[in-house]
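K.L.:
Structure provided below as structure tokens; questions to follow.
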2 protein chains.
Amino acid sequence: MAVYTDVSFEDLEQLLALYDIGMPLSFKGIAEGVENSNFYLQTDRGAFILTLYEKRVADTDLPFFLGLMEHMARRGIACPLPVRTRDGRQLVTLNRRSAAILTFLTGVSLRRPGVAHCAAAGAVLADLHRAGEGFALTRRNALGLAGWRPLAEAIGDADSVEDGLTGLIADSLAEAEARWPGDLPAGVIHADLFPDNVLFMKDDVSGVIDFYFACNDFYAYDLAVMLNSWCFEMDGSYNITKGKALIAAYRGHRPISEAEADALPVLMQGAALRFLLTRTYDWINHDESWLVRPKDPREYSRKLRFHRKVRHAGEYGL
Amino acid sequence: MAVYTDVSFEDLEQLLALYDIGMPLSFKGIAEGVENSNFYLQTDRGAFILTLYEKRVADTDLPFFLGLMEHMARRGIACPLPVRTRDGRQLVTLNRRSAAILTFLTGVSLRRPGVAHCAAAGAVLADLHRAGEGFALTRRNALGLAGWRPLAEAIGDADSVEDGLTGLIADSLAEAEARWPGDLPAGVIHADLFPDNVLFMKDDVSGVIDFYFACNDFYAYDLAVMLNSWCFEMDGSYNITKGKALIAAYRGHRPISEAEADALPVLMQGAALRFLLTRTYDWINHDESWLVRPKDPREYSRKLRFHRKVRHAGEYGL
């Protein structure tokens with residue numbers, strides 16, 4: 001959590017001349033997001049987030065991310081809306097970085113969401129999948145099945161992180177490649193809908209944020225990412241009550257096909273492997289200058305070991 | 001700029017039960033302050049800052065800092081007001097740290113304040129000195145004259161930071177000790193009123209923040225800290241137009257005695273030495289885990305060299 005690029009008030013004033021969003025009242029760097037520099041901006045016309053995109057987000061992907069948020073917001077999804085400049089641009093340049101101003105959403109993210117929160121968030125995931133239909137741009141999932149083997153090779157020996165981790169990764173990767181479904185309902189997915197990225201007001205979802213991993217992939221894979229991040233307890237156990245609630249709420253807003261249900265166990269493994277791989281890579285290659293503490297990969301090796309014993313989707317509450 | 005201690009929404013909810021400030025609408029870590037962890041908190045009743053005090057602020061000093069802000073706010077200074085719990089406490093404990101909730105002030109700090117800003121801020125410094133009269137607690141200036149020699153000794157050889165820095169520190173320290181005034185008007189000073197710590201709305205001061213170096217010392221030393229941090233240009237030159245404006249505005253709100261005027265050159269040296277010493281110490285002893293980039297000490301060695309050629313207060317615009 002950090003601000004990588006500094007923005008002075010003088011920089012901000014020049015920037016705001018491009019927009020029609022009023023006079024600045026408050027401006028503060030916020031400790032949010034591992035990938036970008038974010039600032040909270042309050043004007044006499046509303047609250048906004050100014051984001052400067054750092055090196056981990058490719059400039060060529062920005063039209064997809066920003067266009068998607070606009071598309072989603074227009075279709076009723078409570079997500080940040082990129083504000084356009086007076087001459088219609090979503091993207092500007094600030095301190096040599098691509099930058100955008102987005103509307104600020106009120107609400108708080110929960111570290112320990114309860115059953116009702118899981119259900120509310122599951123329904124929003126289904127809404128998001130349906131709202132993404134018709135979006136004109138596409139983006140390959142760079143962290144999907146095809147991306148895992150290169151990542152595993154870049155990691156190499158992972159046993160310094162945890163005993164047996166190299167073998168776990170190799171076995172799970174081979175199994176995912178062998179069993180991955182060839183065809184399932186697909187479209188735009190969020191791909192990172194962890195509890196951090198869902199804002200609540202009381203028990204209702206007030207916003208979905210951080211679309212910077214969004215891409216085209218199987219909808220049911222997105223559901224697997226959510227079940228992995230919302231339905232495990234601190235002690236490592238899967239909470240099937242939460243799983244049932246999340247899945248039932250999702251189903252209430254978008255049907256789950258038989259093929260999707262059959263694929264859920266391997267998708268759960270794949271989703272756990274994806275976060276295990278990126279966390280292990282970041283753990284080993286952690287650079288002190290990042291100003292960010294890497295997340296513990298072992299949370300996901302534990303989940304992955306659990307999934308490798310699951311035989312059918314019913315064990316997840318489907 | 002960082003958040004050192006994480007606070008979950010669940011932690012926050014428990015905390016808010018102690019206060020009568022409404023329901024949380026938004027809660028975000030903010031990248032502000034080198035010393036503490038700060039969070040922006042919006043409720044249905046207003047905007048607040050939650051601060052968790054990290055190890056560099058001594059718990060025994062907190063009643064002074066928080067009491068002072070309350071004293072100042074009651075006397076019309078636009079500064080954060082510590083919110084009391086339902087049972088009247090300014091300080092609570094959160095995640096094993098002392099913590100306080102303070103009112104959030106609107107406004108933006110300027111990196112390159114103009115002449116009018118220098119004047120407005122100078123007037124506020126004088127107001128602050130007058131408002132501090134009658135505050136019951138006192139706090140020794142730990143980073144005042146008596147603290148500099150131990151700090152210089154802890155630094156030892158500083159030539160790795162800049163050629164000749166060890167000698168500059170030794171000479172300036174000897175001179176400050178020899179020439180330091182024995183008696184000048186004194187009271188509560190802010191001791192760190194850099195441009196970062198003054199908020200503006202257009203050209204008016206909307207707030208003064210960060211009282212965590214406040215202490216009892218000479219008022220004119222506080223003025224010297226301000227002249228050092230507000231009136232130098234990026235190219236290292238002293239801007240006497242800004243100095244004149246700042247000093248004249250200060251004088252409009254609190255008279256400057258002849259003794260204070262005579263002492264200004266050595267106070268300017270002392271103030272520059274104080275920031276040179278702490279920055280040099282932090283530069284040399286910088287720990288990567290701080291999540292904070294140390295500030296460049298050479299900004300202050302340059303200022304100190306300038307002051308060592310000054311012969312009378314008129315060169316500063318007095």
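Residues are referred to by chain and number: the chain letter is A, B, ... according to the order shown in the structure tokens, the number counts from 1 in that chain, and ligands are numbered separately from 1 in the order shown.
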Could you write out chain A as a short mmCIF file (atom, residue, chain, number, x, y, z; two decimals) with C-alpha atoms, in the first residue's frame once it has been least-squares superposed on chain B using every ordered C-alpha pair?
P.N.:
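Below is the file selection28.cif, written as the result:
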```cif
data_model
loop_
_atom_site.label_atom_id
_atom_site.label_comp_id
_atom_site.auth_asym_id
_atom_site.auth_seq_id
_atom_site.Cartn_x
_atom_site.Cartn_y
_atom_site.Cartn_z
CA MET A 1 4.33 8.06 3.42
CA ALA A 2 2.77 4.85 4.58
CA VAL A 3 0.39 2.97 6.78
CA TYR A 4 2.36 0.92 9.27
CA THR A 5 -0.47 -0.69 11.19
CA ASP A 6 -3.45 -2.17 9.44
CA VAL A 7 -6.95 -1.46 10.76
CA SER A 8 -9.79 -3.62 9.48
CA PHE A 9 -13.34 -2.39 9.19
CA GLU A 10 -14.19 -4.80 11.98
CA ASP A 11 -11.57 -3.10 14.22
CA LEU A 12 -13.05 0.24 13.24
CA GLU A 13 -16.60 -0.76 14.12
CA GLN A 14 -15.50 -1.77 17.62
CA LEU A 15 -13.64 1.51 17.99
CA LEU A 16 -16.56 3.63 16.81
CA ALA A 17 -18.81 2.11 19.48
CA LEU A 18 -16.77 4.21 21.95
CA TYR A 19 -17.61 7.47 20.14
CA ASP A 20 -20.70 9.43 19.26
CA ILE A 21 -19.72 10.37 15.70
CA GLY A 22 -22.18 8.35 13.62
CA MET A 23 -21.98 5.48 11.16
CA PRO A 24 -18.93 4.84 8.95
CA LEU A 25 -19.40 5.56 5.24
CA SER A 26 -15.81 5.40 4.07
CA PHE A 27 -12.47 4.33 5.56
CA LYS A 28 -9.10 4.44 3.84
CA GLY A 29 -5.47 4.42 4.86
CA ILE A 30 -3.80 7.66 3.79
CA ALA A 31 -0.22 8.09 2.72
CA GLU A 32 0.59 10.95 5.03
CA GLY A 33 2.90 11.50 7.94
CA VAL A 34 6.30 9.90 8.40
CA GLU A 35 5.66 9.04 12.02
CA ASN A 36 2.18 7.52 12.32
CA SER A 37 -0.47 5.47 10.56
CA ASN A 38 -3.36 7.63 9.38
CA PHE A 39 -6.81 6.75 8.07
CA TYR A 40 -9.44 8.92 6.46
CA LEU A 41 -12.82 8.21 8.02
CA GLN A 42 -16.08 9.57 6.72
CA THR A 43 -19.25 9.05 8.74
CA ASP A 44 -22.79 10.33 8.28
CA ARG A 45 -21.83 13.08 10.75
CA GLY A 46 -18.58 14.33 9.25
CA ALA A 47 -15.02 13.59 8.18
CA PHE A 48 -12.25 12.52 10.57
CA ILE A 49 -8.69 11.25 10.72
CA LEU A 50 -7.92 8.18 12.78
CA THR A 51 -4.27 8.20 13.85
CA LEU A 52 -2.37 5.27 15.32
CA TYR A 53 0.79 6.47 17.04
CA GLU A 54 3.83 4.44 16.05
CA LYS A 55 7.06 4.09 17.97
CA ARG A 56 8.58 7.46 17.05
CA VAL A 57 5.93 9.32 19.06
CA ALA A 58 6.26 8.75 22.81
CA ASP A 59 3.00 7.80 24.53
CA THR A 60 3.89 10.14 27.38
CA ASP A 61 3.85 13.11 24.97
CA LEU A 62 0.36 12.40 23.62
CA PRO A 63 -1.58 14.23 26.35
CA PHE A 64 0.49 17.33 25.50
CA PHE A 65 -0.12 17.10 21.74
CA LEU A 66 -3.83 16.28 21.95
CA GLY A 67 -4.48 18.71 24.78
CA LEU A 68 -2.69 21.42 22.82
CA MET A 69 -4.80 20.86 19.70
CA GLU A 70 -7.95 21.08 21.81
CA HIS A 71 -6.65 24.24 23.48
CA MET A 72 -5.74 25.80 20.11
CA ALA A 73 -9.04 24.82 18.46
CA ARG A 74 -11.00 26.34 21.36
CA ARG A 75 -9.07 29.56 20.80
CA GLY A 76 -9.97 29.79 17.17
CA ILE A 77 -6.96 28.16 15.50
CA ALA A 78 -8.10 26.01 12.56
CA CYS A 79 -6.42 22.81 13.67
CA PRO A 80 -7.62 19.22 14.08
CA LEU A 81 -9.79 18.80 17.18
CA PRO A 82 -9.33 15.50 19.03
CA VAL A 83 -12.77 13.93 19.39
CA ARG A 84 -13.51 12.65 22.87
CA THR A 85 -15.04 9.23 23.51
CA ARG A 86 -18.46 8.99 25.14
CA ASP A 87 -16.66 8.77 28.49
CA GLY A 88 -14.46 11.77 27.81
CA ARG A 89 -11.13 10.27 26.67
CA GLN A 90 -8.98 11.73 23.88
CA LEU A 91 -6.81 8.62 23.65
CA VAL A 92 -7.78 5.00 23.09
CA THR A 93 -5.89 1.80 22.31
CA LEU A 94 -6.23 0.05 18.95
CA ASN A 95 -4.16 -2.90 17.73
CA ARG A 96 -1.78 -2.34 20.65
CA ARG A 97 -1.14 1.29 19.69
CA SER A 98 -2.35 4.53 21.21
CA ALA A 99 -4.89 6.03 18.86
CA ALA A 100 -7.04 9.14 18.50
CA ILE A 101 -9.78 10.38 16.21
CA LEU A 102 -9.41 14.00 15.09
CA THR A 103 -11.60 16.20 12.93
CA PHE A 104 -10.59 16.29 9.27
CA LEU A 105 -9.73 19.68 7.82
CA THR A 106 -10.51 20.58 4.24
CA GLY A 107 -7.79 22.28 2.22
CA VAL A 108 -4.65 21.48 0.30
CA SER A 109 -0.98 21.98 1.11
CA LEU A 110 1.21 23.68 -1.48
CA ARG A 111 4.61 22.55 -2.63
CA ARG A 112 5.54 25.96 -4.02
CA PRO A 113 3.76 28.58 -1.91
CA GLY A 114 3.73 32.09 -3.35
CA VAL A 115 4.27 35.42 -1.58
CA ALA A 116 0.61 35.73 -0.52
CA HIS A 117 0.68 32.21 0.91
CA CYS A 118 3.83 33.00 2.91
CA ALA A 119 2.12 36.05 4.37
CA ALA A 120 -1.06 34.16 5.25
CA ALA A 121 0.93 31.38 6.91
CA GLY A 122 3.15 33.86 8.80
CA ALA A 123 0.07 35.51 10.30
CA VAL A 124 -1.22 32.10 11.41
CA LEU A 125 2.10 31.32 13.13
CA ALA A 126 1.74 34.49 15.21
CA ASP A 127 -1.90 33.60 16.01
CA LEU A 128 -0.75 30.17 17.07
CA HIS A 129 1.90 31.63 19.39
CA ARG A 130 -0.67 33.86 21.06
CA ALA A 131 -3.28 31.11 21.27
CA GLY A 132 -0.82 28.83 23.05
CA GLU A 133 -0.58 31.20 26.02
CA GLY A 134 -2.24 29.72 29.07
CA PHE A 135 -1.92 26.10 27.96
CA ALA A 136 -1.28 24.18 31.16
CA LEU A 137 1.15 21.50 29.98
CA THR A 138 4.73 21.98 28.83
CA ARG A 139 7.06 19.87 26.72
CA ARG A 140 10.80 20.30 26.40
CA ASN A 141 12.07 20.69 22.79
CA ALA A 142 13.80 17.33 22.38
CA LEU A 143 15.20 18.57 19.06
CA GLY A 144 16.31 21.95 20.44
CA LEU A 145 19.84 23.23 21.07
CA ALA A 146 20.58 20.70 23.84
CA GLY A 147 19.57 17.81 21.58
CA TRP A 148 21.85 18.65 18.65
CA ARG A 149 25.22 17.57 20.04
CA PRO A 150 24.05 14.04 20.96
CA LEU A 151 22.49 13.79 17.49
CA ALA A 152 25.72 14.97 15.81
CA GLU A 153 27.67 12.39 17.85
CA ALA A 154 25.24 9.64 16.87
CA ILE A 155 25.79 10.59 13.21
CA GLY A 156 29.59 10.64 13.47
CA ASP A 157 31.18 10.92 10.03
CA ALA A 158 28.70 12.44 7.58
CA ASP A 159 31.04 12.97 4.62
CA SER A 160 29.54 9.94 2.85
CA VAL A 161 26.37 12.02 2.51
CA GLU A 162 28.17 15.11 1.24
CA ASP A 163 31.78 16.21 1.09
CA GLY A 164 32.64 18.40 4.08
CA LEU A 165 29.34 17.76 5.89
CA THR A 166 31.04 16.54 9.09
CA GLY A 167 32.97 19.82 9.35
CA LEU A 168 29.94 21.94 8.52
CA ILE A 169 27.96 20.27 11.29
CA ALA A 170 30.79 20.60 13.85
CA ASP A 171 31.42 24.29 13.08
CA SER A 172 27.74 25.23 13.03
CA LEU A 173 27.06 23.35 16.23
CA ALA A 174 29.92 25.09 18.03
CA GLU A 175 28.73 28.46 16.78
CA ALA A 176 25.11 27.80 17.76
CA GLU A 177 26.19 26.75 21.25
CA ALA A 178 28.39 29.84 21.62
CA ARG A 179 25.92 32.39 20.25
CA TRP A 180 22.51 30.96 21.22
CA PRO A 181 20.40 33.58 23.02
CA GLY A 182 19.87 32.94 26.73
CA ASP A 183 16.50 34.54 26.93
CA LEU A 184 13.83 35.43 24.37
CA PRO A 185 10.02 35.48 24.44
CA ALA A 186 9.04 31.81 24.65
CA GLY A 187 5.98 29.59 24.85
CA VAL A 188 4.35 26.83 22.88
CA ILE A 189 5.75 26.55 19.34
CA HIS A 190 4.70 24.31 16.44
CA ALA A 191 8.37 23.57 15.61
CA ASP A 192 7.60 22.00 12.21
CA LEU A 193 5.43 24.47 10.29
CA PHE A 194 6.58 23.44 6.82
CA PRO A 195 4.30 24.04 3.80
CA ASP A 196 3.08 20.41 4.13
CA ASN A 197 1.50 21.32 7.43
CA VAL A 198 -0.55 24.31 6.32
CA LEU A 199 -3.76 23.77 4.35
CA PHE A 200 -5.11 26.41 2.01
CA MET A 201 -8.44 27.12 0.36
CA LYS A 202 -7.59 29.50 -2.48
CA ASP A 203 -5.21 31.97 -0.80
CA ASP A 204 -6.55 31.60 2.73
CA VAL A 205 -5.24 29.25 5.38
CA SER A 206 -7.92 26.66 6.16
CA GLY A 207 -5.93 24.63 8.65
CA VAL A 208 -2.70 23.94 10.51
CA ILE A 209 -1.87 20.27 11.07
CA ASP A 210 0.71 17.89 12.56
CA PHE A 211 1.41 19.16 16.05
CA TYR A 212 3.62 16.18 16.91
CA PHE A 213 6.80 18.22 17.28
CA ALA A 214 5.13 21.01 19.27
CA CYS A 215 7.01 22.01 22.43
CA ASN A 216 8.10 24.98 24.51
CA ASP A 217 10.85 27.12 23.00
CA PHE A 218 11.56 30.61 21.66
CA TYR A 219 8.82 31.97 19.41
CA ALA A 220 11.45 33.46 17.10
CA TYR A 221 12.97 30.00 16.61
CA ASP A 222 9.59 28.84 15.24
CA LEU A 223 9.67 31.81 12.86
CA ALA A 224 13.17 30.72 11.77
CA VAL A 225 11.88 27.18 11.05
CA MET A 226 9.19 28.72 8.84
CA LEU A 227 11.51 31.09 6.98
CA ASN A 228 13.80 28.12 6.27
CA SER A 229 11.00 26.00 4.86
CA TRP A 230 8.85 28.59 3.06
CA CYS A 231 11.22 31.19 1.64
CA PHE A 232 13.91 29.30 -0.27
CA GLU A 233 13.47 28.64 -3.98
CA MET A 234 14.15 25.33 -5.72
CA ASP A 235 17.51 26.70 -6.95
CA GLY A 236 18.64 27.19 -3.32
CA SER A 237 18.32 30.98 -3.22
CA TYR A 238 16.58 32.83 -0.40
CA ASN A 239 13.55 34.77 -1.68
CA ILE A 240 13.62 37.96 0.35
CA THR A 241 10.24 39.07 -1.03
CA LYS A 242 8.66 35.99 0.55
CA GLY A 243 10.71 36.53 3.72
CA LYS A 244 9.54 40.15 4.03
CA ALA A 245 5.91 39.16 3.44
CA LEU A 246 6.03 36.34 5.99
CA ILE A 247 7.75 38.45 8.65
CA ALA A 248 5.52 41.50 8.09
CA ALA A 249 2.37 39.38 8.40
CA TYR A 250 3.72 37.71 11.55
CA ARG A 251 4.49 41.15 13.03
CA GLY A 252 0.97 42.30 12.24
CA HIS A 253 -0.31 39.66 14.66
CA ARG A 254 2.49 39.52 17.26
CA PRO A 255 5.27 42.09 17.76
CA ILE A 256 8.90 41.05 17.20
CA SER A 257 11.22 42.47 19.89
CA GLU A 258 14.66 43.93 19.21
CA ALA A 259 16.30 40.98 20.96
CA GLU A 260 14.39 38.57 18.73
CA ALA A 261 15.43 40.48 15.60
CA ASP A 262 19.09 40.50 16.71
CA ALA A 263 18.98 36.75 17.31
CA LEU A 264 17.38 35.87 13.98
CA PRO A 265 20.63 35.00 12.12
CA VAL A 266 21.77 32.46 14.72
CA LEU A 267 18.23 31.10 15.06
CA MET A 268 18.13 30.60 11.27
CA GLN A 269 21.40 28.66 11.49
CA GLY A 270 20.07 26.62 14.38
CA ALA A 271 16.82 25.79 12.60
CA ALA A 272 18.69 24.70 9.47
CA LEU A 273 21.09 22.64 11.59
CA ARG A 274 18.18 20.90 13.36
CA PHE A 275 16.69 19.63 10.09
CA LEU A 276 20.11 18.87 8.64
CA LEU A 277 20.89 16.69 11.67
CA THR A 278 17.68 14.67 11.68
CA ARG A 279 17.72 14.21 7.91
CA THR A 280 21.37 13.17 7.91
CA TYR A 281 20.73 10.72 10.73
CA ASP A 282 17.73 9.23 8.91
CA TRP A 283 19.65 9.15 5.62
CA ILE A 284 22.53 7.15 7.13
CA ASN A 285 20.36 4.92 9.32
CA HIS A 286 17.60 4.40 6.80
CA ASP A 287 15.95 1.05 7.23
CA GLU A 288 14.30 -0.34 4.08
CA SER A 289 11.41 -1.65 6.14
CA TRP A 290 10.32 1.92 6.96
CA LEU A 291 8.25 2.19 3.76
CA VAL A 292 9.35 5.83 3.72
CA ARG A 293 11.99 7.44 1.56
CA PRO A 294 14.22 9.65 3.71
CA LYS A 295 14.38 13.33 2.79
CA ASP A 296 17.56 14.69 1.23
CA PRO A 297 19.76 16.30 3.93
CA ARG A 298 21.62 18.37 1.32
CA GLU A 299 18.68 20.74 0.98
CA TYR A 300 19.51 21.86 4.51
CA SER A 301 23.31 21.86 4.25
CA ARG A 302 22.86 24.34 1.40
CA LYS A 303 20.58 26.53 3.50
CA LEU A 304 22.96 26.31 6.45
CA ARG A 305 25.91 27.46 4.29
CA PHE A 306 23.81 30.43 3.18
CA HIS A 307 22.97 31.38 6.77
CA ARG A 308 26.60 31.21 7.83
CA LYS A 309 27.31 34.18 5.54
CA VAL A 310 24.39 36.30 6.78
CA ARG A 311 25.38 39.15 9.09
CA HIS A 312 22.05 40.74 10.14
CA ALA A 313 18.31 40.05 10.18
CA GLY A 314 17.71 42.56 7.40
CA GLU A 315 19.08 40.02 4.93
CA TYR A 316 16.05 37.86 5.74
CA GLY A 317 13.61 40.72 5.23
CA LEU A 318 13.17 41.80 8.85
#
```
K.L.:
From a backbone DSSP assignment, name each residue in range 159-188 of chain B labelled helix (DSSP H, G or I), as a list in words.
P.N.:
Leu165, Thr166, Gly167, Leu168, Ile169, Ala170, Asp171, Ser172, Leu173, Ala174, Glu175, Ala176, Glu177, Ala178 and Arg179 of chain B
K.L.:
Using the chain letters and numbers from this document, which residues of range 6-36 of chain B does DSSP assign to strand (DSSP E or B), as number ranges by chain?
P.N.:
B: 24-30
